[in-house]
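Source file: target_6.txt (compact mmCIF, C-alpha atoms)
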# COMPACT_ATOMS: atom_id res chain seq x y z
CA MET A 1 -14.60 6.32 -15.02
CA ILE A 2 -11.45 6.91 -12.98
CA ASP A 3 -11.46 10.28 -11.29
CA LYS A 4 -8.44 12.49 -11.96
CA ILE A 5 -7.62 13.11 -8.31
CA SER A 6 -7.50 9.42 -7.38
CA LYS A 7 -5.50 8.68 -10.52
CA LYS A 8 -2.99 11.38 -9.54
CA PHE A 9 -2.42 9.95 -6.06
CA MET A 10 -2.27 6.34 -7.22
CA GLY A 11 0.24 7.55 -9.81
CA LEU A 12 2.39 8.93 -6.98
CA ALA A 13 2.24 5.58 -5.17
CA ILE A 14 3.23 3.79 -8.39
CA ALA A 15 6.13 6.20 -8.96
CA LYS A 16 7.29 5.66 -5.38
CA ALA A 17 7.14 1.87 -5.86
CA ARG A 18 9.24 2.22 -9.03
CA GLU A 19 11.74 4.28 -7.05
CA GLY A 20 11.89 1.51 -4.45
CA ILE A 21 12.43 -1.16 -7.10
CA GLY A 22 15.35 0.90 -8.41
CA LEU A 23 16.83 0.86 -4.90
CA GLY A 24 16.54 -2.91 -4.59
CA GLN A 25 13.25 -2.97 -2.69
CA THR A 26 10.07 -4.86 -3.47
CA PRO A 27 7.34 -3.51 -5.82
CA PHE A 28 5.06 -1.75 -3.36
CA GLY A 29 4.18 1.91 -2.80
CA ALA A 30 1.61 3.82 -0.76
CA CYS A 31 0.39 7.42 -0.68
CA ILE A 32 -1.70 8.97 2.10
CA VAL A 33 -3.93 11.93 1.28
CA LYS A 34 -5.97 14.25 3.50
CA ASN A 35 -8.27 17.00 2.21
CA GLY A 36 -6.97 16.49 -1.32
CA LYS A 37 -3.31 16.98 -0.33
CA MET A 38 -0.57 14.40 -0.09
CA VAL A 39 0.58 13.82 3.48
CA SER A 40 3.09 11.02 2.82
CA CYS A 41 4.21 8.76 0.02
CA GLU A 42 6.56 5.84 0.68
CA HIS A 43 7.84 2.63 -0.83
CA ASN A 44 8.57 -0.68 0.81
CA ALA A 45 11.82 -0.59 2.84
CA VAL A 46 11.98 -4.14 4.23
CA TRP A 47 15.44 -4.88 2.82
CA LYS A 48 16.89 -1.42 3.45
CA LYS A 49 15.86 -1.45 7.11
CA ASN A 50 16.08 -5.20 7.70
CA ASP A 51 12.59 -4.80 9.14
CA ILE A 52 9.87 -7.17 7.96
CA THR A 53 7.23 -4.62 9.08
CA ALA A 54 8.59 -1.85 6.82
CA HIS A 55 5.87 -2.34 4.20
CA ALA A 56 4.95 0.69 2.07
CA GLU A 57 1.66 1.23 3.90
CA ILE A 58 3.34 1.07 7.32
CA GLN A 59 6.08 3.45 6.16
CA ALA A 60 3.45 5.88 4.85
CA ILE A 61 1.36 5.63 8.04
CA ARG A 62 4.42 6.26 10.24
CA LYS A 63 5.37 9.33 8.23
CA ALA A 64 1.79 10.67 8.11
CA CYS A 65 1.42 10.29 11.89
CA GLN A 66 4.68 12.17 12.44
CA LYS A 67 3.75 14.91 9.99
CA LEU A 68 0.23 15.34 11.40
CA LYS A 69 1.47 14.84 15.00
CA SER A 70 -1.30 12.33 15.63
CA VAL A 71 -1.95 8.61 15.52
CA ASP A 72 -5.47 9.38 14.31
CA LEU A 73 -5.56 9.59 10.51
CA PHE A 74 -9.32 10.12 10.33
CA GLY A 75 -10.21 11.81 7.06
CA CYS A 76 -7.28 10.23 5.19
CA ILE A 77 -7.27 7.97 2.14
CA ILE A 78 -4.42 5.57 1.48
CA TYR A 79 -3.59 4.66 -2.12
CA SER A 80 -1.66 1.40 -2.23
CA THR A 81 -0.22 -0.29 -5.27
CA CYS A 82 -1.23 -3.66 -3.85
CA GLU A 83 -3.96 -4.88 -1.54
CA PRO A 84 -2.78 -4.41 2.04
CA CYS A 85 -1.66 -7.53 3.88
CA PRO A 86 -3.40 -8.25 7.20
CA MET A 87 -0.74 -6.28 9.13
CA CYS A 88 -1.14 -3.23 6.90
CA PHE A 89 -4.93 -3.48 6.87
CA ALA A 90 -4.93 -3.60 10.69
CA ALA A 91 -2.65 -0.54 10.81
CA CYS A 92 -5.05 1.33 8.50
CA HIS A 93 -7.94 0.33 10.76
CA TRP A 94 -6.14 1.35 13.97
CA ALA A 95 -5.10 4.67 12.43
CA ARG A 96 -8.75 5.25 11.49
CA ILE A 97 -7.96 5.79 7.83
CA ASP A 98 -11.27 6.38 6.03
CA LYS A 99 -10.58 4.56 2.79
CA ILE A 100 -8.12 2.13 1.20
CA VAL A 101 -7.75 2.30 -2.58
CA TYR A 102 -5.55 -0.45 -4.01
CA GLY A 103 -4.41 -1.71 -7.39
CA SER A 104 -3.09 -5.29 -7.44
CA SER A 105 -4.51 -8.02 -5.24
CA ILE A 106 -2.96 -10.28 -2.63
CA LYS A 107 -3.31 -13.07 -5.20
CA ASP A 108 -1.15 -11.02 -7.61
CA ALA A 109 1.54 -10.72 -4.92
CA GLN A 110 1.32 -14.47 -4.27
CA SER A 111 1.70 -15.13 -8.00
CA ALA A 112 4.88 -13.02 -7.96
CA GLY A 113 6.25 -15.27 -5.21
CA PHE A 114 5.49 -13.28 -2.06
CA ASN A 115 4.60 -15.16 1.13
CA GLU A 116 1.18 -13.59 1.54
CA LEU A 117 -1.53 -14.79 3.88
CA LYS A 118 -4.68 -15.72 2.01
CA LEU A 119 -6.78 -13.20 3.90
CA SER A 120 -8.23 -10.40 1.82
CA SER A 121 -8.90 -6.86 2.98
CA ARG A 122 -12.61 -7.47 2.52
CA SER A 123 -12.37 -10.51 4.83
CA MET A 124 -10.42 -8.47 7.40
CA LYS A 125 -13.02 -5.70 7.19
CA PHE A 126 -15.86 -8.16 7.70
CA LEU A 127 -14.22 -10.23 10.45
CA GLY A 128 -13.02 -7.16 12.34
CA ARG A 129 -16.16 -5.12 11.71
CA SER A 130 -13.96 -2.30 10.46
CA LYS A 131 -15.52 0.86 9.08
CA VAL A 132 -12.74 1.48 6.56
CA LYS A 133 -14.02 1.72 2.98
CA ILE A 134 -12.27 -0.34 0.32
CA GLN A 135 -11.91 0.35 -3.39
CA ALA A 136 -10.27 -2.61 -5.10
CA LYS A 137 -8.50 -3.06 -8.43
CA PHE A 138 -7.94 0.63 -9.08
CA MET A 139 -5.69 1.10 -12.12
CA PRO A 140 -4.93 -2.64 -12.10
CA SER A 141 -2.76 -2.86 -15.21
CA GLU A 142 -0.51 0.02 -14.10
CA ASN A 143 -0.06 -1.62 -10.70
CA ALA A 144 0.48 -5.13 -12.13
CA GLU A 145 3.29 -3.68 -14.27
CA LEU A 146 5.25 -3.12 -11.04
CA PHE A 147 5.54 -6.89 -10.55
CA VAL A 148 6.81 -7.24 -14.12
CA LEU A 149 9.40 -4.49 -13.61
CA TRP A 150 10.51 -6.00 -10.31
CA GLY A 151 10.65 -9.48 -11.88
CA LYS A 152 13.20 -8.25 -14.42
CA ASN A 153 15.62 -7.26 -11.65
CA LYS A 154 18.16 -10.07 -11.34
CA LYS A 155 18.95 -9.02 -7.76
CA ARG A 156 15.33 -9.07 -6.61
CA LYS A 157 14.57 -10.60 -3.24
CA LYS A 158 11.23 -11.83 -1.93
CA TYR A 159 10.05 -12.31 1.60
structure tokens encoding of this file:
Amino acid sequence: MIDKISKKFMGLAIAKAREGIGLGQTPFGACIVKNGKMVSCEHNAVWKKNDITAHAEIQAIRKACQKLKSVDLFGCIIYSTCEPCPMCFAACHWARIDKIVYGSSIKDAQSAGFNELKLSSRSMKFLGRSKVKIQAKFMPSENAELFVLWGKNKKRKKY
């Protein structure tokens, strides 16, 4: 059973990803929560910023660190519409985020045409001996729908 609180915050990440798609960005969103309250919620901004590191998770981490005035996000959960890439997973680890909850997988992103490394979050966790908890495939159909929506945009761009 999906708990209502997690569903609410993943829903915010999905809504943010939809907003990004509408602005010509890629289909990714992330929401950071601490003590049951949203700290930040961002979409991918790679094309807007001409910055390949402006993934949704990185955007959300940057904003959360500014808002909390700390680089230590201990006690936070990040809800991501897609499994974090190695860069985003490493940022979650370095920020000491407690838990990553994601919807679609890296394989789903690859299937949509994204240039993803074939290195899963679970592999990163194991290889790096990270303590971050991972909850995979949360609300998978709702998150997979983002790739469909993005795929219908004739002006879509991949990286």
Tell me, as JSON, numbers by chain, which residues lie within 10 Å of Gly103 (chain A), counting all atoms listed in the file; anything in the same chain fewer than 3 positions away does not count.
{"A": [10, 14, 79, 80, 81, 82, 83, 84, 106, 108, 135, 136, 137, 138, 139, 140, 141, 142, 143, 144]}
For Ser130 (chain A), find every residue with an atom within 10 Å (counting all atoms listed in the file), except residues of its own chain fewer than 3 positions away, and show them as a compact mmCIF listing (two decimals) with C-alpha atoms, in the frame of the given file.
# COMPACT_ATOMS: atom_id res chain seq x y z
CA PHE A 89 -4.93 -3.48 6.87
CA ALA A 90 -4.93 -3.60 10.69
CA CYS A 92 -5.05 1.33 8.50
CA HIS A 93 -7.94 0.33 10.76
CA TRP A 94 -6.14 1.35 13.97
CA ARG A 96 -8.75 5.25 11.49
CA ARG A 122 -12.61 -7.47 2.52
CA MET A 124 -10.42 -8.47 7.40
CA LYS A 125 -13.02 -5.70 7.19
CA PHE A 126 -15.86 -8.16 7.70
CA LEU A 127 -14.22 -10.23 10.45
CA LYS A 133 -14.02 1.72 2.98
Counting only C-alpha atoms, which of A:Ala112, A:Ile5, A:Ala45, A:Ala13 gets nearest to Ala30 (chain A)?
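For Ala30 (chain A), the nearest of the candidates is A:Ala13.
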Mind checking which residues fall within 12 Å of Lys48 (chain A), counting all atoms listed in the file, ignoring those fewer than 4 positions away in the same chain, and posting them as an NGL selection string?
:A and (20-21 or 23-26 or 43-44 or 52-55 or 157)
At a cut-off of 8 Å, using all atoms listed in the file, what residues contact Cys76 (chain A)? Leave out same-chain residues fewer than 4 positions from it and give the result as an MDAnalysis selection string.
chainID A and resid 32:35 97:99
Excluding same-chain residues fewer than 3 positions from region 16-18 of chain A, what lies within 7 Å of it counting only C-alpha atoms, as a ChimeraX atom specification?
/A:12-13,21-22,27-29,41-43,146
Please report, as lines of an AutoDock Vina configuration file, the centre and edge lengths in Å to one decimal of an axis-aligned box covering all listed atoms of region 138-153 of chain A with 4 Å per side.
center_x = 3.8
center_y = -4.2
center_z = -12.1
size_x = 31.6
size_y = 18.6
size_z = 14.1
Just checking: using only C-alpha atoms, which residue out of A:Met87, A:Ile78, A:Asn115, A:Gln110 ends up closest to Ala60 (chain A)?
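Of A:Met87, A:Ile78, A:Asn115, A:Gln110, the one nearest Ala60 (chain A) is A:Ile78, counting only C-alpha atoms.
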Gap from CA of Ala95 (chain A) to CA of Gln66 (chain A) - Å, one decimal:
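Atom-to-atom, CA of Ala95 (chain A) and CA of Gln66 (chain A) are spaced 12.3 Å apart.
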Separation of CA of Tyr102 (chain A) from CA of Lys69 (chain A), in Å and rounded to one decimal:
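Interatomic distance here is 25.4 Å.
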Nearest-residue call for Pro86 (chain A), choices A:Ser121, A:Ser40, A:Asn153, A:Asn50, using all atoms listed in the file:
A:Ser121
Smallest atom-to-atom distance to Glu116 (chain A): which of A:Ala91, A:Cys31, A:Cys85, A:Ile58, using all atoms listed in the file?
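Going through A:Ala91, A:Cys31, A:Cys85, A:Ile58 one by one, the smallest distance to Glu116 (chain A) is for A:Cys85.
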